[in-house]
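Containing CSV, C-alpha atoms: start-v2.csv.
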```
chain,number,residue,atom,x,y,z
A,1,MET,CA,0.0,0.0,0.0
A,2,LYS,CA,1.4,3.4,-1.0
A,3,ILE,CA,0.9,6.2,1.5
A,4,LEU,CA,0.3,9.7,0.3
A,5,ASN,CA,0.0,12.9,2.4
A,6,GLU,CA,-3.1,15.0,2.4
A,7,ASN,CA,-1.5,18.3,1.5
A,8,GLN,CA,0.8,17.0,-1.2
A,9,ASN,CA,0.3,16.4,-4.9
A,10,ILE,CA,-0.7,12.9,-5.9
A,11,PRO,CA,1.6,10.7,-8.0
A,12,LYS,CA,1.5,11.3,-11.7
A,13,GLU,CA,0.2,7.9,-12.5
A,14,LEU,CA,-3.1,8.8,-10.6
A,15,GLU,CA,-3.7,12.2,-12.3
A,16,SER,CA,-5.3,10.9,-15.5
A,17,TYR,CA,-7.5,8.5,-13.6
A,18,ILE,CA,-8.8,11.2,-11.3
A,19,LYS,CA,-9.4,13.6,-14.2
A,20,GLU,CA,-11.4,11.0,-16.1
A,21,ASN,CA,-13.6,10.0,-13.1
A,22,LYS,CA,-16.1,12.8,-12.3
A,23,SER,CA,-17.2,11.0,-9.1
A,24,LEU,CA,-13.7,12.0,-7.6
A,25,HIS,CA,-13.7,15.6,-8.7
A,26,PRO,CA,-15.4,16.9,-5.5
A,27,TYR,CA,-12.5,15.4,-3.4
A,28,PHE,CA,-9.5,16.8,-5.3
A,29,GLU,CA,-8.3,20.2,-6.5
A,30,SER,CA,-6.2,20.8,-9.6
A,31,SER,CA,-3.5,23.5,-10.1
A,32,PHE,CA,-0.5,24.1,-12.3
A,33,SER,CA,1.6,22.1,-9.9
A,34,GLY,CA,-0.6,19.1,-9.9
A,35,ILE,CA,-3.6,17.5,-8.2
A,36,LYS,CA,-4.0,17.1,-4.4
A,37,PRO,CA,-6.8,16.2,-2.0
A,38,LYS,CA,-9.2,18.9,-0.7
A,39,ASN,CA,-8.8,18.0,3.0
A,40,TYR,CA,-10.0,14.5,2.4
A,41,CYS,CA,-8.2,11.5,3.7
A,42,GLY,CA,-8.8,7.8,3.3
A,43,PHE,CA,-8.3,4.9,0.9
A,44,LEU,CA,-8.1,4.6,-2.8
A,45,SER,CA,-8.2,1.3,-4.7
A,46,ILE,CA,-7.5,1.7,-8.4
A,47,ASN,CA,-7.0,-1.1,-10.8
A,48,GLY,CA,-5.8,-3.4,-8.0
A,49,GLU,CA,-3.3,-0.8,-6.6
A,50,SER,CA,-3.9,0.5,-3.0
A,51,TYR,CA,-3.2,4.1,-1.9
A,52,PHE,CA,-3.8,5.7,1.5
A,53,ILE,CA,-4.2,9.5,1.8
A,54,ALA,CA,-2.9,10.2,5.3
A,55,PRO,CA,-3.6,13.2,7.5
A,56,LYS,CA,-0.4,15.2,8.2
A,57,ILE,CA,-0.2,14.6,12.0
A,58,THR,CA,3.3,13.4,12.5
A,59,THR,CA,6.3,12.8,10.3
A,60,ASP,CA,5.7,9.0,10.4
A,61,SER,CA,3.2,7.9,7.7
A,62,SER,CA,2.5,4.6,9.4
A,63,ARG,CA,1.6,6.3,12.7
A,64,ASN,CA,-0.6,8.7,10.8
A,65,LEU,CA,-2.5,5.7,9.4
A,66,ASN,CA,-3.1,4.3,12.9
A,67,ILE,CA,-4.1,7.7,14.3
A,68,PHE,CA,-6.5,8.3,11.5
A,69,ILE,CA,-8.3,4.9,12.1
A,70,TYR,CA,-8.4,5.6,15.8
A,71,MET,CA,-10.1,9.0,15.2
A,72,ILE,CA,-12.7,7.4,12.9
A,73,ILE,CA,-13.5,4.7,15.4
A,74,TYR,CA,-13.9,7.2,18.2
A,75,ALA,CA,-15.6,10.0,16.2
A,76,TYR,CA,-18.2,7.7,14.7
A,77,ASP,CA,-18.7,5.8,18.1
A,78,ILE,CA,-17.7,2.4,16.7
A,79,LYS,CA,-17.6,-0.2,19.5
A,80,LEU,CA,-14.4,-2.2,19.5
A,81,LYS,CA,-15.7,-5.5,21.1
A,82,ASN,CA,-15.5,-7.2,17.7
A,83,LEU,CA,-12.5,-5.3,16.3
A,84,HIS,CA,-9.2,-6.3,17.7
A,85,LEU,CA,-6.7,-4.5,15.5
A,86,SER,CA,-2.9,-4.7,15.8
A,87,GLN,CA,-0.9,-2.0,14.1
A,88,GLY,CA,0.4,-4.7,11.7
A,89,GLU,CA,-3.2,-5.6,10.6
A,90,MET,CA,-4.0,-1.9,9.9
A,91,GLN,CA,-0.9,-1.7,7.6
A,92,GLU,CA,-1.8,-4.9,5.7
A,93,GLN,CA,-5.5,-4.3,5.0
A,94,ASN,CA,-7.2,-1.3,3.4
A,95,ILE,CA,-9.4,0.8,5.8
A,96,PHE,CA,-12.6,0.0,4.0
A,97,GLU,CA,-12.0,-3.8,4.3
A,98,LEU,CA,-11.4,-3.4,8.0
A,99,PHE,CA,-14.7,-1.7,8.5
A,100,ILE,CA,-16.5,-4.1,6.2
A,101,ARG,CA,-15.3,-6.9,8.4
A,102,LEU,CA,-16.4,-5.1,11.5
A,103,PHE,CA,-19.9,-4.5,10.1
A,104,ALA,CA,-20.3,-8.1,8.9
A,105,ASP,CA,-19.0,-9.6,12.1
A,106,MET,CA,-21.3,-7.4,14.2
A,107,LEU,CA,-24.3,-8.2,12.1
A,108,LEU,CA,-23.7,-11.9,12.1
A,109,GLU,CA,-23.4,-11.9,15.8
A,110,GLU,CA,-26.7,-10.2,16.2
A,111,PHE,CA,-28.4,-12.6,13.7
A,112,LYS,CA,-27.2,-15.5,15.8
A,113,ARG,CA,-29.0,-14.0,18.8
A,114,GLY,CA,-32.2,-13.9,16.7
A,115,LEU,CA,-33.4,-12.1,13.5
A,116,PHE,CA,-35.2,-8.9,14.0
A,117,LYS,CA,-38.9,-9.3,13.1
A,118,LYS,CA,-41.8,-7.0,13.4
A,119,TYR,CA,-45.5,-7.0,12.6
A,120,ILE,CA,-46.3,-5.9,9.1
A,121,THR,CA,-49.8,-5.5,7.5
A,122,LEU,CA,-50.4,-7.6,4.4
A,123,GLN,CA,-53.4,-7.9,2.0
A,124,GLU,CA,-53.8,-11.2,0.2
A,125,ASN,CA,-56.4,-13.1,-1.7
A,126,LEU,CA,-56.9,-16.4,0.3
A,127,LYS,CA,-59.1,-19.4,0.2
A,128,VAL,CA,-60.0,-19.0,3.9
A,129,LEU,CA,-60.6,-15.8,5.9
A,130,ARG,CA,-57.6,-14.6,7.8
A,131,GLY,CA,-57.7,-11.4,9.8
A,132,ARG,CA,-60.0,-8.6,8.5
A,133,TYR,CA,-62.5,-9.1,5.7
A,134,ILE,CA,-61.9,-6.3,3.1
A,135,ILE,CA,-65.5,-5.3,2.0
A,136,LYS,CA,-64.5,-3.1,-1.0
A,137,LYS,CA,-62.2,-5.7,-2.6
A,138,ASN,CA,-64.7,-8.5,-2.0
A,139,PHE,CA,-67.6,-6.6,-3.4
A,140,GLY,CA,-68.5,-8.1,-6.7
A,141,ASN,CA,-66.2,-11.1,-5.9
A,142,PHE,CA,-69.2,-13.5,-5.6
A,143,TYR,CA,-68.1,-15.9,-8.3
A,144,HIS,CA,-64.6,-16.4,-6.9
A,145,GLN,CA,-63.8,-18.8,-4.1
A,146,ASN,CA,-60.9,-16.7,-2.7
A,147,ILE,CA,-61.4,-14.0,-0.1
A,148,TYR,CA,-59.5,-10.7,0.1
A,149,CYS,CA,-58.1,-10.4,3.6
A,150,GLU,CA,-56.0,-7.9,5.6
A,151,PHE,CA,-53.9,-9.4,8.4
A,152,ASP,CA,-50.7,-8.8,10.5
A,153,GLU,CA,-47.7,-11.0,10.1
A,154,PHE,CA,-44.6,-11.3,12.3
A,155,SER,CA,-42.0,-11.0,9.5
A,156,MET,CA,-38.3,-10.5,8.9
A,157,ASP,CA,-39.3,-8.7,5.6
A,158,ASN,CA,-39.1,-5.2,7.1
A,159,ASP,CA,-37.3,-1.9,6.5
A,160,LEU,CA,-34.3,-2.6,8.7
A,161,ASN,CA,-33.6,-6.0,7.2
A,162,ARG,CA,-34.1,-4.6,3.7
A,163,PHE,CA,-31.5,-2.0,4.4
A,164,PHE,CA,-29.1,-4.7,5.6
A,165,LEU,CA,-29.7,-6.8,2.6
A,166,TYR,CA,-29.0,-3.8,0.3
A,167,ALA,CA,-25.8,-2.9,2.2
A,168,LEU,CA,-24.5,-6.5,2.1
A,169,ARG,CA,-25.0,-6.9,-1.6
A,170,TYR,CA,-23.5,-3.5,-2.3
A,171,PHE,CA,-20.4,-4.2,-0.2
A,172,LYS,CA,-19.9,-7.6,-2.0
A,173,ARG,CA,-18.9,-5.6,-5.0
A,174,PHE,CA,-15.7,-4.5,-3.2
A,175,SER,CA,-15.0,-7.3,-0.7
A,176,SER,CA,-15.2,-11.1,-0.7
A,177,TYR,CA,-15.3,-11.4,3.1
A,178,SER,CA,-17.1,-14.6,3.9
A,179,ASN,CA,-19.4,-13.2,6.6
A,180,LEU,CA,-21.0,-10.9,4.0
A,181,TYR,CA,-22.3,-14.0,2.3
A,182,ARG,CA,-23.3,-15.7,5.5
A,183,CYS,CA,-25.4,-12.7,6.5
A,184,GLU,CA,-27.0,-12.4,3.1
A,185,ALA,CA,-28.0,-16.1,3.2
A,186,ILE,CA,-29.8,-15.6,6.5
A,187,LEU,CA,-31.9,-12.8,4.9
A,188,ASP,CA,-33.2,-15.2,2.2
A,189,GLU,CA,-36.8,-14.2,2.9
A,190,VAL,CA,-36.3,-10.5,2.8
A,191,THR,CA,-37.3,-8.5,-0.3
A,192,TYR,CA,-34.3,-6.8,-2.1
A,193,LEU,CA,-34.9,-3.1,-2.9
A,194,ASN,CA,-32.6,-0.5,-4.4
A,195,ILE,CA,-32.6,1.7,-1.3
A,196,ASP,CA,-31.7,5.4,-1.3
A,197,PHE,CA,-29.5,5.3,1.8
A,198,LYS,CA,-29.2,9.2,1.8
A,199,LYS,CA,-32.9,9.3,2.8
A,200,GLN,CA,-32.8,6.6,5.4
A,201,ASN,CA,-34.8,7.4,8.6
A,202,ILE,CA,-35.1,4.2,10.6
A,203,HIS,CA,-36.1,4.6,14.2
A,204,PHE,CA,-34.9,2.1,16.8
A,205,ASP,CA,-36.9,0.9,19.8
A,206,ARG,CA,-36.4,-1.6,22.6
A,207,MET,CA,-36.8,-4.5,20.1
A,208,SER,CA,-34.4,-3.3,17.5
A,209,SER,CA,-31.8,-1.3,19.5
A,210,ARG,CA,-29.2,-4.1,19.4
A,211,TYR,CA,-29.0,-3.6,15.6
A,212,GLN,CA,-28.3,0.1,15.8
A,213,GLN,CA,-24.5,-0.2,15.9
A,214,SER,CA,-24.5,-2.4,12.8
A,215,TYR,CA,-26.9,0.0,11.0
A,216,GLU,CA,-24.7,3.1,11.8
A,217,VAL,CA,-21.5,1.4,10.7
A,218,ALA,CA,-23.2,0.3,7.4
A,219,LEU,CA,-24.6,3.8,6.8
A,220,MET,CA,-21.2,5.4,7.4
A,221,LEU,CA,-19.6,3.0,4.9
A,222,LEU,CA,-22.2,3.8,2.3
A,223,GLN,CA,-21.9,7.5,2.8
A,224,LYS,CA,-18.1,7.6,2.5
A,225,LEU,CA,-17.8,5.0,-0.3
A,226,VAL,CA,-17.2,6.5,-3.8
A,227,PRO,CA,-17.5,3.8,-6.6
A,228,MET,CA,-15.6,4.7,-9.7
A,229,THR,CA,-18.0,3.1,-12.1
A,230,GLU,CA,-21.4,1.4,-12.1
A,231,LYS,CA,-19.9,-1.8,-13.4
A,232,SER,CA,-20.1,-4.6,-10.8
A,233,SER,CA,-17.0,-6.1,-12.2
A,234,ASP,CA,-14.9,-3.0,-11.5
A,235,ARG,CA,-13.8,-3.0,-7.9
A,236,SER,CA,-12.0,0.4,-8.0
A,237,PHE,CA,-13.3,2.7,-5.4
A,238,ALA,CA,-12.5,5.5,-2.9
A,239,PHE,CA,-13.3,5.6,0.8
A,240,LEU,CA,-12.8,9.2,1.8
A,241,PHE,CA,-13.5,11.3,4.9
A,242,ASP,CA,-13.7,15.1,5.2
A,243,MET,CA,-11.1,15.7,7.9
A,244,ALA,CA,-12.9,18.9,9.0
A,245,GLU,CA,-15.9,16.7,9.8
A,246,VAL,CA,-13.8,14.0,11.5
A,247,PHE,CA,-11.9,16.5,13.6
A,248,GLU,CA,-15.1,18.3,14.7
A,249,LYS,CA,-16.8,15.0,15.6
A,250,PHE,CA,-13.7,13.7,17.4
A,251,VAL,CA,-13.1,16.8,19.5
A,252,GLY,CA,-16.8,17.3,20.2
A,253,LYS,CA,-17.4,13.8,21.5
A,254,MET,CA,-14.3,14.1,23.7
A,255,TYR,CA,-15.5,17.3,25.2
A,256,GLN,CA,-18.9,15.8,25.9
A,257,GLU,CA,-17.1,13.1,28.0
A,258,ILE,CA,-15.0,15.7,29.8
A,259,ASP,CA,-18.0,17.9,30.6
A,260,SER,CA,-21.5,16.4,30.4
A,261,THR,CA,-23.1,19.9,30.0
A,262,THR,CA,-21.4,20.3,26.6
A,263,LYS,CA,-23.7,20.9,23.7
A,264,LEU,CA,-22.7,20.0,20.1
A,265,GLN,CA,-23.7,22.2,17.2
A,266,LYS,CA,-26.1,24.2,19.5
A,267,LYS,CA,-28.5,26.1,17.4
A,268,GLY,CA,-29.5,29.7,18.1
A,269,VAL,CA,-31.8,32.2,16.3
A,270,PHE,CA,-31.1,35.8,17.0
A,271,GLY,CA,-33.3,38.0,14.8
A,272,SER,CA,-32.3,37.3,11.3
A,273,LEU,CA,-29.1,35.4,12.5
A,274,TYR,CA,-29.1,31.6,12.6
A,275,LEU,CA,-26.0,30.5,14.5
A,276,LYS,CA,-24.7,27.0,15.1
A,277,PRO,CA,-21.3,26.9,16.9
A,278,ASP,CA,-19.5,23.5,17.0
A,279,ILE,CA,-19.2,23.2,20.8
A,280,VAL,CA,-20.9,25.2,23.6
A,281,MET,CA,-19.8,24.7,27.2
A,282,SER,CA,-21.0,26.6,30.2
A,283,ASP,CA,-18.2,29.2,30.0
A,284,ILE,CA,-16.7,28.9,26.5
A,285,ILE,CA,-17.7,28.4,22.9
A,286,ILE,CA,-15.3,26.3,20.8
A,287,ASP,CA,-15.1,26.1,17.0
A,288,THR,CA,-12.8,23.5,15.4
A,289,LYS,CA,-10.9,24.5,12.4
A,290,TYR,CA,-9.0,21.9,10.4
A,291,LYS,CA,-6.5,24.3,9.0
A,292,MET,CA,-2.7,24.7,8.9
A,293,VAL,CA,-1.9,27.8,11.0
A,294,ARG,CA,1.3,29.2,12.5
A,295,ASP,CA,0.2,32.3,14.4
A,296,ARG,CA,-2.5,35.0,14.6
A,297,GLY,CA,-1.3,36.2,11.2
A,298,ASP,CA,-3.0,33.2,9.7
A,299,LEU,CA,-6.3,33.9,11.5
A,300,SER,CA,-8.9,35.1,8.9
A,301,THR,CA,-11.0,38.2,9.5
A,302,GLN,CA,-14.1,36.0,8.9
A,303,ASP,CA,-13.1,33.7,11.8
A,304,LYS,CA,-12.7,36.7,14.1
A,305,TYR,CA,-16.2,38.0,13.2
A,306,GLN,CA,-17.7,34.5,13.6
A,307,MET,CA,-16.4,34.1,17.1
A,308,PHE,CA,-17.3,37.6,18.1
A,309,VAL,CA,-20.9,37.1,16.9
A,310,TYR,CA,-21.1,33.7,18.8
A,311,GLY,CA,-19.9,35.3,22.0
A,312,VAL,CA,-22.1,38.3,21.9
A,313,ASN,CA,-25.3,36.5,21.0
A,314,PHE,CA,-24.9,33.4,23.2
A,315,LYS,CA,-23.7,35.8,26.0
A,316,ILE,CA,-20.5,33.8,26.6
A,317,GLU,CA,-17.4,36.0,27.0
A,318,GLU,CA,-14.7,33.3,26.2
A,319,THR,CA,-14.4,31.7,22.8
A,320,MET,CA,-11.8,29.4,21.3
A,321,LEU,CA,-10.6,28.4,17.8
A,322,LEU,CA,-9.1,24.9,18.1
A,323,TYR,CA,-6.7,23.6,15.4
A,324,PRO,CA,-4.8,20.3,14.9
A,325,LYS,CA,-1.1,20.8,15.5
A,326,HIS,CA,0.7,20.8,12.2
A,327,LEU,CA,3.9,22.8,12.2
A,328,VAL,CA,4.0,24.5,15.5
A,329,ASP,CA,2.0,24.8,18.7
A,330,ILE,CA,-0.6,27.6,18.6
A,331,ASP,CA,-1.2,29.4,22.0
A,332,ASP,CA,-2.4,32.9,21.6
A,333,ASN,CA,-5.1,35.2,23.2
A,334,LEU,CA,-6.9,38.0,21.5
A,335,GLU,CA,-9.6,40.5,22.4
A,336,LEU,CA,-12.5,41.1,20.1
A,337,GLY,CA,-14.6,44.3,20.5
A,338,ARG,CA,-14.4,46.5,23.6
A,339,GLY,CA,-16.3,47.5,26.7
A,340,GLU,CA,-19.2,45.4,27.7
A,341,ASP,CA,-19.2,43.6,24.3
A,342,MET,CA,-15.6,42.5,24.5
A,343,ILE,CA,-15.1,38.8,23.7
A,344,GLY,CA,-12.0,36.9,24.5
A,345,LEU,CA,-10.6,34.6,21.8
A,346,LYS,CA,-8.2,31.9,22.4
A,347,MET,CA,-6.2,30.3,19.6
A,348,ARG,CA,-5.1,26.8,20.5
A,349,SER,CA,-3.7,23.7,18.8
A,350,LEU,CA,-4.3,20.0,19.7
A,351,ASP,CA,-1.4,17.6,19.2
A,352,LEU,CA,-2.8,14.4,17.9
A,353,GLY,CA,0.5,12.6,17.6
A,354,PHE,CA,0.8,9.3,19.4
A,355,ASP,CA,2.5,6.0,19.1
A,356,GLY,CA,0.5,3.2,20.9
A,357,GLY,CA,-2.9,1.5,21.1
A,358,TYR,CA,-6.4,2.8,20.7
A,359,SER,CA,-7.4,3.1,24.4
A,360,GLU,CA,-4.1,4.7,25.4
A,361,PHE,CA,-4.5,7.2,22.5
A,362,ILE,CA,-8.0,8.3,23.6
A,363,CYS,CA,-6.9,8.7,27.2
A,364,GLU,CA,-3.8,10.8,26.2
A,365,ILE,CA,-5.7,13.1,23.8
A,366,LYS,CA,-8.4,13.6,26.4
A,367,GLU,CA,-5.7,14.7,28.9
A,368,ARG,CA,-4.2,17.1,26.4
A,369,LEU,CA,-7.7,18.7,25.8
A,370,GLU,CA,-8.3,19.1,29.5
A,371,LYS,CA,-5.0,21.0,29.8
A,372,ILE,CA,-5.9,23.3,26.9
A,373,ASN,CA,-9.1,24.3,28.7
A,374,VAL,CA,-7.2,25.3,31.9
```
Rewrite the structure from the file as structure tokens, please.
Amino acid sequence: MKILNENQNIPKELESYIKENKSLHPYFESSFSGIKPKNYCGFLSINGESYFIAPKITTDSSRNLNIFIYMIIYAYDIKLKNLHLSQGEMQEQNIFELFIRLFADMLLEEFKRGLFKKYITLQENLKVLRGRYIIKKNFGNFYHQNIYCEFDEFSMDNDLNRFFLYALRYFKRFSSYSNLYRCEAILDEVTYLNIDFKKQNIHFDRMSSRYQQSYEVALMLLQKLVPMTEKSSDRSFAFLFDMAEVFEKFVGKMYQEIDSTTKLQKKGVFGSLYLKPDIVMSDIIIDTKYKMVRDRGDLSTQDKYQMFVYGVNFKIEETMLLYPKHLVDIDDNLELGRGEDMIGLKMRSLDLGFDGGYSEFICEIKERLEKINV
């Protein structure tokens, strides 16, 4: 697997392929010097060749791969009980395959505990009465022996299982993992539908809650997967994450665990202003910015206005712009406005560099965040 950096031009052998595939255009930007990713990291599989676009966290590309996977697992709240990854395994397999295996293993484990079934209402033309007699349909049906009936049936052929069947068949285009086939065989009585996963709105209750983790992992995979062609024989694809979204989710979830009063993307309407800061705590508003900065000279005027407006309208006097550490540590304090409307703005950077296992990584980064807040 070839490892590329997020802020560097891609190899020349990939340029023509990306130019020819319109599905990849939103994720890359072109200039006179070449083509590079637009803050997207993840995995590319092109004509059997594997490439990993790594976030620029440390100078060690292998460590960056591990840290990226750790951030995804934590940000998207993926439980690790079925995922025992050594650093060697993460280097040998592509990221998409790792999560495919996680999804299939989790789903198969739940299937072994029992398939999810629910009552669905059916209408059929039967020889004997079952359930409710449908007067309208049976009117004029005097010369036929069958009876139109409406009845409830406890069935596996429901929206959730149809989603799983769609996901399993879709993922089989890109992976031959055996548990995908086992899960599909179990759903042999489920109707296959071509589902628009972007409009999925499945609600979980006490009976279906144990399937929610499998559902969320499958949905994440579908949303981040970018097929190159519609041909089922072509297994070339991209599996890409917007690092601004990953960083925001990662930091936000961590602050929620540090302080239970933390609100993520708290909405506020102030006259004609609609505001939604990333993180709102009792005494500070925090916005994450996945940008490479060195000092206050790199701070945009727009970011200053944004934090000032947040502070004034939410009536919180301290704000913070939090960046990932790239070149240097950022530790600066500014004052926005004056008098009663003065808002304090902190510029801070979070060092994500780490060499170790997942649990240790989460504990270490959490400690670093707590020190930033002091």
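Of the listed residues (A:Asp298, A:Asp196, A:Glu110, A:Asp287), A:Glu110 comes nearest to Arg210 of chain A; the distances count all atoms listed in the file.
Proximity to Leu98 of chain A was assessed for A:Tyr255, A:Tyr215, A:Phe247, A:Tyr177 counting only C-alpha atoms; the smallest distance is recorded for A:Tyr177.
Separating atom CA of Ile100 of chain A from atom CA of Ile78 of chain A is a distance of 12.4 Å.
Each of A:Asp278, A:Glu216, A:Glu124, A:Asp303 was compared to Asp77 of chain A using all atoms listed in the file, and A:Glu216 turns out to be the nearest.
For the set A:Ser349, A:Asn161, A:Gln212, A:Gln223, the residue with the smallest atom-to-atom gap to Pro324 of chain A is A:Ser349, counting all atoms listed in the file.
Distance check against Thr261 of chain A using only C-alpha atoms: of A:Leu107, A:Met307, A:Ile284, A:Ala54, the minimum falls on A:Ile284.
Minimum atom-to-atom distances from A:Ser260, A:Arg338, A:Phe314, A:Phe241 to Lys276 of chain A were compared using all atoms listed in the file, and the lowest value belongs to A:Phe314.
Atom CA of Arg162 of chain A sits 6.2 Å away from atom CA of Tyr192 of chain A.
Straight-line separation from atom CA of Leu275 of chain A to atom CA of Gly311 of chain A: 10.8 Å.
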Within 9 Å of (-43.1, -6.8, 7.7), in the coordinates the file gives, what residues turn up when you count all atoms listed in the file, written out as a PyMOL selection string?
chain A and resi 117-122+152-159
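Every residue within 10 Å of the file position (-17.6, 42.1, 23.1), judged by only C-alpha atoms, is given as Phe308, Val309, Gly311, Val312, Asn313, Lys315, Ile316, Glu317, Glu318, Glu335, Leu336, Gly337, Arg338, Gly339, Glu340, Asp341, Met342, Ile343 and Gly344 of chain A.
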Contacts of Phe52 of chain A at 9 Å (only C-alpha atoms; same-chain gap of 3+ positions) as a PyMOL selection string
chain A and resi 1-5+41-45+65+94-95
Just want the 12 Å neighbourhood of Gln8 of chain A, counted on only C-alpha atoms, with same-chain residues fewer than 5 positions away dropped. Output as an MDAnalysis selection string.
chainID A and resid 3 28:31 33:41 53:56
Would you mind listing what lies within 10 Å of Arg296 of chain A as a CSV table (one decimal) with C-alpha atoms, in the frame of the given file, with all atoms listed in the file counted and same-chain residues fewer than 3 positions away left out?
```
chain,number,residue,atom,x,y,z
A,293,VAL,CA,-1.9,27.8,11.0
A,299,LEU,CA,-6.3,33.9,11.5
A,300,SER,CA,-8.9,35.1,8.9
A,330,ILE,CA,-0.6,27.6,18.6
A,331,ASP,CA,-1.2,29.4,22.0
A,332,ASP,CA,-2.4,32.9,21.6
A,333,ASN,CA,-5.1,35.2,23.2
A,334,LEU,CA,-6.9,38.0,21.5
A,347,MET,CA,-6.2,30.3,19.6
```
Any chance you could model N, CA and C atoms for segment 319-331 of chain A and send them as a PDB file, in the coordinates of the input?
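File out.pdb, as written:
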```
ATOM      1  N   THR A 319     -14.224  32.537  23.930  1.00  0.00           N
ATOM      2  CA  THR A 319     -14.400  31.700  22.800  1.00  0.00           C
ATOM      3  C   THR A 319     -12.985  31.082  22.432  1.00  0.00           C
ATOM      4  N   MET A 320     -13.016  30.011  21.655  1.00  0.00           N
ATOM      5  CA  MET A 320     -11.800  29.400  21.300  1.00  0.00           C
ATOM      6  C   MET A 320     -11.831  28.823  19.870  1.00  0.00           C
ATOM      7  N   LEU A 321     -10.773  29.029  19.106  1.00  0.00           N
ATOM      8  CA  LEU A 321     -10.600  28.400  17.800  1.00  0.00           C
ATOM      9  C   LEU A 321      -9.542  27.261  18.065  1.00  0.00           C
ATOM     10  N   LEU A 322      -9.935  26.019  17.807  1.00  0.00           N
ATOM     11  CA  LEU A 322      -9.100  24.900  18.100  1.00  0.00           C
ATOM     12  C   LEU A 322      -8.624  24.243  16.768  1.00  0.00           C
ATOM     13  N   TYR A 323      -7.299  24.169  16.582  1.00  0.00           N
ATOM     14  CA  TYR A 323      -6.700  23.600  15.400  1.00  0.00           C
ATOM     15  C   TYR A 323      -5.946  22.337  15.696  1.00  0.00           C
ATOM     16  N   PRO A 324      -5.793  21.445  14.713  1.00  0.00           N
ATOM     17  CA  PRO A 324      -4.800  20.300  14.900  1.00  0.00           C
ATOM     18  C   PRO A 324      -3.425  20.891  14.783  1.00  0.00           C
ATOM     19  N   LYS A 325      -2.517  20.382  15.578  1.00  0.00           N
ATOM     20  CA  LYS A 325      -1.100  20.800  15.500  1.00  0.00           C
ATOM     21  C   LYS A 325      -0.523  20.307  14.194  1.00  0.00           C
ATOM     22  N   HIS A 326       0.033  21.208  13.392  1.00  0.00           N
ATOM     23  CA  HIS A 326       0.700  20.800  12.200  1.00  0.00           C
ATOM     24  C   HIS A 326       2.218  21.139  12.287  1.00  0.00           C
ATOM     25  N   LEU A 327       2.540  22.408  12.137  1.00  0.00           N
ATOM     26  CA  LEU A 327       3.900  22.800  12.200  1.00  0.00           C
ATOM     27  C   LEU A 327       4.417  23.188  13.554  1.00  0.00           C
ATOM     28  N   VAL A 328       3.620  24.023  14.213  1.00  0.00           N
ATOM     29  CA  VAL A 328       4.000  24.500  15.500  1.00  0.00           C
ATOM     30  C   VAL A 328       2.775  24.530  16.450  1.00  0.00           C
ATOM     31  N   ASP A 329       3.045  24.655  17.762  1.00  0.00           N
ATOM     32  CA  ASP A 329       2.000  24.800  18.700  1.00  0.00           C
ATOM     33  C   ASP A 329       1.370  26.221  18.599  1.00  0.00           C
ATOM     34  N   ILE A 330       0.044  26.317  18.657  1.00  0.00           N
ATOM     35  CA  ILE A 330      -0.600  27.600  18.600  1.00  0.00           C
ATOM     36  C   ILE A 330      -1.149  27.882  20.047  1.00  0.00           C
ATOM     37  N   ASP A 331      -0.724  28.985  20.618  1.00  0.00           N
ATOM     38  CA  ASP A 331      -1.200  29.400  22.000  1.00  0.00           C
ATOM     39  C   ASP A 331      -1.168  30.886  22.039  1.00  0.00           C
TER      40      ASP A 331
END
```
